[in-house]
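Here's the structure, in C-alpha cells; my notes come after.
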Amino acid sequence: MTDSVLAQALVYLAVAVIFVPIAKRLGLGAVLGYLAGGVVIGPWVLGFVGGEGQHVMHFAEFGVVMMLFLVGLELRPALLWQLRQPIFGLGGLQVVVTAAVVAGGALAVGVAWKAAIAIGLTFAMSSTAIVLSSLSERGLLKTSGGQASFSVLLFQDISVIPILAVFPLLGATVATELTDVTSEAGRPAWLSGLFVLGAVVAVVGLGRYLVRPVFQFLAAAKLREAFTAAALLIVVGIALLMQTVGLSPALGTFLAGVVLADSEYRHELETDIEPFKGLLLGLFFISVGAQIDFGLIGHDPLKIAAIVAASMLGKLSVLYGLGRLFKLDRPARWLLAFSLAQVGEFAFVLLSLGAQRGIFAPDVKSALDAAVAISMVLSPPAFIVLERFVLPRVTERTEERAQDEIDEPGGTIVIAGYGRFGQMVGRMLRANRIPMTILDLDPEIVDIVGRLGIKVYYGDASRTELLHAAGCEHARAFVLAVDDAAVATRIAENVRHHFPNLAIIARCRDRPHYWELRRLGIKHVFRETFGSAYEAGIASLQALGYRANTAHRLARRWRQHEERMLEELGELWGTGDGYFSRVRSGLDEAERLMRDEDPTVFTDRDASWDNESLRADRRPEAAAADDVAS
Amino acid sequence: MRRVLVLFAHPVLERSRVNRRLVEAARDLEGVTLRDMYEEYPTLDIDVRREQEMLLRHDVVVFQHPFYWYSVPAILKEWQDLVLEHGWAYGAGGTHLRGKVTFNVVSTGGPASAYRESGYNRFTVRELLAPWDQTAHLCGMRFLAPFVVHASLAVIGEDDVAPARVKYRRLLEALRDDRIDLDRAAAAENLVDSLDHVLAPREVA
Ligand SMILES: Cc1cc2nc3c(=O)[nH]c(=O)nc-3n(C[C@H](O)[C@H](O)[C@H](O)COP(=O)(O)O)c2cc1C
C-alpha cells in the first residue's frame, strides 16, 4: 500500500507525532506509545505497513547501536572498571542461569535438548532498547538497580559473540558444517580472534588519537553539518567494522563511546547523535509492534500466552534471586527483575538463525517470535506496575525523608564561555569544589584549558540540545560568560525559554547589553569591566590620601547610585533627549551624594558617626544635669 | 621589657578630635606597635592568622577607640568574634593569651559625671566594659582599668587633648618598661585619674 519511501516516512513520523505524546500524557511512557502505534499501522489493524517491517527493523536496529554509543559516552573508563563485577558476575550468571532454566522448561514440555539449549540462550537476552529507554525516561538509570540492569545488558551484548558461535553447533547438520562454525566468513578461529582484537585496538586507538585532531580541525572550520556528519561517520564506521569482524556493532560503538567519554567533544557528539538515536529507536519500536503476528496468536492464543507467562516469570525469578545474591537492596532487586523480564530484540536474529540451521521447525520459530514480541510489548506496562505498585511498597520511607530534607548548598553549575571572564568565575567555583560543566566554542581555549586539567567541552551553547547535554535540567545555575554580546543574548533567550527555572548569572558588555539581558528577566547581570574599575576607583581615592574605610564607603555609596541610575536609564534608553538629560542630572546627583558622605566635607546630612551634630545637640538640660550631678 | 600592641579603631578619623591626637602618643614609640584597624580592614574582612600572630608577639594589648553606644566600634567586635578562637584563645588548648595584660583606651561624648549611678548613663565606663573584662578573664588575661577621656564633644583645640596625650604616653612607656603596679591598675576606676598612684613605686609595708 505504501511503496514510496516518503509515504512510508509519513506513516512512521505520524505515529511518532500522534501516539507518543498521547502515551506520555497517559503516563505510559514513550516506548509503549511507539509499540502501540506500530500495532495500529501494522498488517492486522490498518495495514499501512506490511511485509517490509523486517526490513525497516534492520535499519532501525541502528538506533540501538547509537543508543549504546551514547551510553558509552556517559560512562568513563574508570566507571566501567567499577562495574566489572556486576557485568561479569551478575551478567554472566544471569545469562547462564536463565538459559538453563528456560532450557529446562522447554525440555519438560518435550522439546529436543539441542533446541531447548538454543531457546534457553535466546530467551536469556533482554531488550537493551526498551530497558535503557524506559530507565532513562524515568531517570532510573543512575540508581543501583538501573546500574545493575545496565551491567546485565552489557554482558548480554558481549555474550552474543559466543552464542552466535554455538548456534551452528546445535544445528541438525553439525558434522558437515563444522568448517563454517569457526567463523561466518570462513576464517579459521585464530584469525578471527586476531581480527577481533585488531578491531578493538583500532577503535580505542582511533578514539584516543584521531578523533580529537579531526574534531579540532572541524571546529576551527566552524561547520555545523560537518560535525554532525563526522559524529555519524564515527558510529556508522565502527558499526561496520565490528560487523566485518563478527562482533556486535552495539558493543563496538559502546566501546568507542567509553573511549570518547573523557573527550572534550563528548557533549557535542551527544547533541549530534541524540536526535538520530531517538528517531531510529522509535522506528525500531514501531516495527516491533507492527511485526506481531496476530493471526498466529489468534490461532493458538493459549500456547503463546503460556510461553510468554512462563518465560517472563522464569526470567523475573532468576533476576530477583541474583539480585539477592549480589546484595542489591530491595527496590533495586525489584527494578532489576521487572526491567529485564522481557525477551530482547536479539532473539529475532537468533530465532531466524535457529530455524535456518534446522535447530527447530519454522512454526516453532513463528510462535516464539510472537511470544518475544508480546513480552517486549508487555515491558512498558511492567514498568508501570513496578512504579505504581511494587516500588512504593518496598522503598523505605525514612530514606526518602532524609533525602528530602537535606538541601545542601552546591549542585552543579554550567559555565558557557571560558575566556578571561568565565575562567575567573570557574576558578572560584572550582576552589569551592563545585562540579561544573564548561562549554566553549573556541577550540584553542578548549585545548589550552584542557591541558590544565580542567574539563571544557567544545560546543555552541546557543543550541538547545547542547544545553540539554550539558545537564541544564539538573544544574542549579548557569553562568553566561561568553564575550560576544549578540551570542550571549541568543544563549540567554534560549536558556530562559527552555529552562525558565534555571538561575542565570550573566556577563554583559555595556549598558545597552545590560538592559537587553535584564529585559529577558535575568536578575544577575554584571558589566564585564565594572568590578575592576570599581577597585581602581577605590585605589585612586586612597592614593589621594583618603582613609581606606572612607574610600570604600564612598565607593559603595557611589555604586548604589550608579546601579539605581542604570535601572532608571534603562527605561529611558532610546528616548533621545530624555536619556541624555537624565544622564547629566545623574552626574550632579552623584556629586551631591558624595559630598554628603565625605567626612572631610561637613554637611548636616547623614549624621551617623558624626560628632558635629552631637556637639550641636548638646542640650542645655543634659548639660545642666551633668553640672548638678558633678 | 614588655611589648605593647595598640589596636586602634576609629571609622572616621577625618572627623575625630580626640582620638586623632591621642593616638599620636602611641606612634613612633619604641616597643609599641600601633595598628590602625579601619585602615587595615576597610571591608571588615579580618585576617585571623595575622592578627593572632600579632597577639603572640606582644605582652600588652591595648584597645583604643571612641565609645560608641557604650561599646566599641564594629570592627573591634568583629576582631573579637573572629580572632579569639576557641582552642586558641580559650577552652581546651586555648592558652595563647594567658598572662597577657589588656585594657581599653576610651573617649566618650558624655562627661565623667554622666558615668555613675546617679548620672544619665547610670553605669561607670568600667562597668559598661564588663564584656571586655570577662573576655579577658576567660582568656586568662589581666584586665586593667580603662583609660577614659571624657566629654570629648567639648574638645575644641589641640590644647584640650594634650594633657591626656601626655598621660597616655607615660602609661604606655611604663607598661613597656614594667614600671607599673598591675594590682593597683586592675583595681582602679579610670587610669587617667589614678595614673600617679598606679605608677608610683609600691610602699614597703
Ligand atoms: C555612633 C556613635 C555612638 C556614640 N555613642 C556614645 C555613647 O554611647 N556614649 C558616649 O558617651 N558617647 C557616644 N558617642 C560620642 C563619641 O564617643 C564621641 O564622639 C567620641 O568619643 C569623640 O572622639 P573623636 O573626637 O576621636 O571622634 C557616640 C558617637 C557616635 C558617632
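Residues in the C-alpha cells are numbered from 1 in each chain, the chains being A, B, ... in the order shown, and ligands are numbered from 1 in the order shown.
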
If we count only C-alpha atoms and set the cut-off at 12 Å, which residues sit around B:Asn19, ignoring sequence neighbours fewer than 4 positions away in its own chain? Please answer as an MDAnalysis selection string.
chainID B and resid 8:15 23:26 36 63:67 105:109 148:150 152:153 155 158 160:162 164:165 168

Give me every strand (DSSP E) residue in chain B, going by DSSP on the backbone, as a PyMOL selection string.
chain B and resi 4-8+32-36+60-66+101-107+142-143+147-149

Can you spit out the residues from that selection as a PDB file, in the first residue's frame, using C-alpha atoms?
```pdb
ATOM      1  CA  VAL B   4      52.803  46.656  73.641  1.00  0.00           C
ATOM      2  CA  LEU B   5      50.200  46.289  70.883  1.00  0.00           C
ATOM      3  CA  VAL B   6      47.697  49.096  70.331  1.00  0.00           C
ATOM      4  CA  LEU B   7      44.653  48.078  68.288  1.00  0.00           C
ATOM      5  CA  PHE B   8      43.188  51.387  67.280  1.00  0.00           C
ATOM      6  CA  VAL B  32      54.867  49.808  70.877  1.00  0.00           C
ATOM      7  CA  THR B  33      53.110  48.523  67.733  1.00  0.00           C
ATOM      8  CA  LEU B  34      50.192  50.616  66.532  1.00  0.00           C
ATOM      9  CA  ARG B  35      47.615  49.081  64.254  1.00  0.00           C
ATOM     10  CA  ASP B  36      45.001  51.267  62.606  1.00  0.00           C
ATOM     11  CA  VAL B  60      50.170  44.023  76.424  1.00  0.00           C
ATOM     12  CA  VAL B  61      47.090  44.506  74.239  1.00  0.00           C
ATOM     13  CA  VAL B  62      45.503  47.979  74.230  1.00  0.00           C
ATOM     14  CA  PHE B  63      42.170  48.647  72.521  1.00  0.00           C
ATOM     15  CA  GLN B  64      41.881  52.324  71.690  1.00  0.00           C
ATOM     16  CA  HIS B  65      38.529  53.572  70.408  1.00  0.00           C
ATOM     17  CA  PRO B  66      35.754  56.119  70.860  1.00  0.00           C
ATOM     18  CA  VAL B 101      47.743  42.353  80.053  1.00  0.00           C
ATOM     19  CA  THR B 102      44.870  44.191  78.393  1.00  0.00           C
ATOM     20  CA  PHE B 103      42.742  47.326  78.781  1.00  0.00           C
ATOM     21  CA  ASN B 104      40.704  49.864  76.805  1.00  0.00           C
ATOM     22  CA  VAL B 105      41.546  53.455  75.957  1.00  0.00           C
ATOM     23  CA  VAL B 106      38.172  55.112  75.505  1.00  0.00           C
ATOM     24  CA  SER B 107      36.906  58.555  74.552  1.00  0.00           C
ATOM     25  CA  ARG B 142      44.956  40.516  83.226  1.00  0.00           C
ATOM     26  CA  PHE B 143      42.275  43.198  82.741  1.00  0.00           C
ATOM     27  CA  PHE B 147      41.943  54.920  80.312  1.00  0.00           C
ATOM     28  CA  VAL B 148      38.907  57.140  79.755  1.00  0.00           C
ATOM     29  CA  VAL B 149      38.903  60.639  78.240  1.00  0.00           C
TER      30      VAL B 149
END
```

Enumerate as a PyMOL selection string all residues of stretch 159-362 of chain A assigned to helix (DSSP H, G or I) by DSSP on the backbone, naming them with the chain letters and numbers the document uses.
chain A and resi 159-170+175-182+189-221+224-245+249-260+266-291+294-299+301-325+330-339+346-356+362

How many Å separate atom CA of A:Gly145 from atom CA of A:Arg25?
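Pair atom CA of A:Gly145 / atom CA of A:Arg25 returns 25.8 Å.
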
Provide as a PDB file with N, CA and C atoms, in the first residue's frame the residues of chain B at most 9 Å from chain A, counting only C-alpha atoms.
```pdb
ATOM      1  N   PRO B  11      36.293  54.761  62.815  1.00  0.00           N
ATOM      2  CA  PRO B  11      35.832  54.639  61.426  1.00  0.00           C
ATOM      3  C   PRO B  11      35.970  55.919  60.612  1.00  0.00           C
ATOM      4  N   VAL B  12      35.904  57.066  61.285  1.00  0.00           N
ATOM      5  CA  VAL B  12      36.024  58.333  60.539  1.00  0.00           C
ATOM      6  C   VAL B  12      37.055  59.221  61.215  1.00  0.00           C
ATOM      7  N   LEU B  13      38.275  58.855  61.062  1.00  0.00           N
ATOM      8  CA  LEU B  13      39.328  59.603  61.739  1.00  0.00           C
ATOM      9  C   LEU B  13      39.367  61.053  61.263  1.00  0.00           C
ATOM     10  N   GLU B  14      38.890  61.278  60.042  1.00  0.00           N
ATOM     11  CA  GLU B  14      38.847  62.644  59.497  1.00  0.00           C
ATOM     12  C   GLU B  14      38.087  63.585  60.413  1.00  0.00           C
ATOM     13  N   ARG B  15      37.080  63.074  61.102  1.00  0.00           N
ATOM     14  CA  ARG B  15      36.234  63.931  61.928  1.00  0.00           C
ATOM     15  C   ARG B  15      36.594  63.843  63.409  1.00  0.00           C
ATOM     16  N   SER B  16      37.609  63.070  63.709  1.00  0.00           N
ATOM     17  CA  SER B  16      37.957  62.884  65.118  1.00  0.00           C
ATOM     18  C   SER B  16      38.696  64.109  65.655  1.00  0.00           C
ATOM     19  N   ARG B  17      38.411  64.408  66.915  1.00  0.00           N
ATOM     20  CA  ARG B  17      39.209  65.461  67.554  1.00  0.00           C
ATOM     21  C   ARG B  17      40.083  64.848  68.635  1.00  0.00           C
ATOM     22  N   TYR B  38      40.773  50.186  61.044  1.00  0.00           N
ATOM     23  CA  TYR B  38      39.903  50.512  59.900  1.00  0.00           C
ATOM     24  C   TYR B  38      40.699  50.751  58.624  1.00  0.00           C
ATOM     25  N   GLU B  39      41.965  51.073  58.798  1.00  0.00           N
ATOM     26  CA  GLU B  39      42.812  51.245  57.626  1.00  0.00           C
ATOM     27  C   GLU B  39      43.249  49.873  57.107  1.00  0.00           C
ATOM     28  N   GLU B  40      43.485  48.953  58.042  1.00  0.00           N
ATOM     29  CA  GLU B  40      43.887  47.597  57.653  1.00  0.00           C
ATOM     30  C   GLU B  40      42.753  46.841  56.988  1.00  0.00           C
ATOM     31  N   TYR B  41      41.570  47.012  57.567  1.00  0.00           N
ATOM     32  CA  TYR B  41      40.447  46.174  57.100  1.00  0.00           C
ATOM     33  C   TYR B  41      39.217  47.014  56.770  1.00  0.00           C
ATOM     34  N   PRO B  42      39.287  47.831  55.717  1.00  0.00           N
ATOM     35  CA  PRO B  42      38.146  48.694  55.405  1.00  0.00           C
ATOM     36  C   PRO B  42      36.868  47.898  55.083  1.00  0.00           C
ATOM     37  N   THR B  43      37.017  46.623  54.739  1.00  0.00           N
ATOM     38  CA  THR B  43      35.812  45.836  54.472  1.00  0.00           C
ATOM     39  C   THR B  43      35.504  44.889  55.631  1.00  0.00           C
ATOM     40  N   TYR B  68      31.183  54.025  71.428  1.00  0.00           N
ATOM     41  CA  TYR B  68      30.016  54.071  70.544  1.00  0.00           C
ATOM     42  C   TYR B  68      28.936  53.197  71.136  1.00  0.00           C
ATOM     43  N   GLY B 109      31.590  60.730  74.651  1.00  0.00           N
ATOM     44  CA  GLY B 109      30.949  62.014  74.421  1.00  0.00           C
ATOM     45  C   GLY B 109      30.453  62.576  75.740  1.00  0.00           C
ATOM     46  N   GLY B 110      29.910  61.715  76.559  1.00  0.00           N
ATOM     47  CA  GLY B 110      29.353  62.151  77.834  1.00  0.00           C
ATOM     48  C   GLY B 110      30.443  62.542  78.819  1.00  0.00           C
ATOM     49  N   PRO B 111      30.144  63.457  79.745  1.00  0.00           N
ATOM     50  CA  PRO B 111      31.117  63.873  80.755  1.00  0.00           C
ATOM     51  C   PRO B 111      31.242  62.809  81.849  1.00  0.00           C
ATOM     52  N   ALA B 112      32.262  62.940  82.660  1.00  0.00           N
ATOM     53  CA  ALA B 112      32.511  61.969  83.723  1.00  0.00           C
ATOM     54  C   ALA B 112      31.290  61.847  84.634  1.00  0.00           C
ATOM     55  N   SER B 113      30.636  62.983  84.864  1.00  0.00           N
ATOM     56  CA  SER B 113      29.504  62.976  85.795  1.00  0.00           C
ATOM     57  C   SER B 113      28.345  62.119  85.309  1.00  0.00           C
ATOM     58  N   ALA B 114      28.274  61.913  83.992  1.00  0.00           N
ATOM     59  CA  ALA B 114      27.178  61.098  83.457  1.00  0.00           C
ATOM     60  C   ALA B 114      27.401  59.625  83.726  1.00  0.00           C
ATOM     61  N   SER B 118      24.098  57.871  89.531  1.00  0.00           N
ATOM     62  CA  SER B 118      23.140  58.967  89.540  1.00  0.00           C
ATOM     63  C   SER B 118      23.150  59.759  88.237  1.00  0.00           C
ATOM     64  N   GLY B 119      24.122  59.485  87.353  1.00  0.00           N
ATOM     65  CA  GLY B 119      24.205  60.219  86.091  1.00  0.00           C
ATOM     66  C   GLY B 119      23.266  59.647  85.045  1.00  0.00           C
ATOM     67  N   TYR B 120      23.154  60.360  83.912  1.00  0.00           N
ATOM     68  CA  TYR B 120      22.161  59.878  82.945  1.00  0.00           C
ATOM     69  C   TYR B 120      22.616  58.611  82.216  1.00  0.00           C
ATOM     70  N   LEU B 153      33.195  65.804  73.351  1.00  0.00           N
ATOM     71  CA  LEU B 153      32.473  66.690  72.442  1.00  0.00           C
ATOM     72  C   LEU B 153      32.781  68.155  72.743  1.00  0.00           C
ATOM     73  N   ALA B 154      33.260  68.388  73.952  1.00  0.00           N
ATOM     74  CA  ALA B 154      33.582  69.759  74.314  1.00  0.00           C
ATOM     75  C   ALA B 154      34.986  70.153  73.853  1.00  0.00           C
TER      76      ALA B 154
END
```

For A:Leu336, list every protein, DNA or RNA residue within 9 Å, evaluated using only C-alpha atoms, and leave out those in the same chain fewer than 5 positions away; present the list as number ranges by chain.
A: 145-149, 316, 319-320, 323, 331, 341

State, in Å with one decimal place, the distance from atom CA of A:Leu593 to atom CA of A:Gly574.
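Atom CA of A:Gly574 lies at a distance of 26.9 Å from atom CA of A:Leu593.
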
What's the separation between atom CA of A:Met66 and atom CA of A:Ala202, in Å to one decimal place?
18.8 Å

Who sits within 7 Å of A:Gly459, only C-alpha atoms, same chain under 2 positions skipped, as a PyMOL selection string
chain A and resi 268+439-441+457+461+466

Using only C-alpha atoms, the shortest atom-to-atom distance to B:Ala145 among B:Phe123, B:Ser194, B:Arg169, B:Asp177 belongs to B:Ser194

Give the answer as one residue: which of A:Ala60, A:Met565, A:Leu75, A:Ala470 has the shortest atom-to-atom distance to A:Trp515, using only C-alpha atoms?
A:Met565

Contacts of A:Ser159 at 10 Å (only C-alpha atoms; same-chain gap of 2+ positions) as a PyMOL selection string
chain A and resi 91-92+95+121+125+153-157+161-164+248

Using only C-alpha atoms, which residues sit within 6 Å of A:Val372 once same-chain residues fewer than 3 positions away are excluded, as a list in words?
Val343, Asp369 and Ser375 of chain A
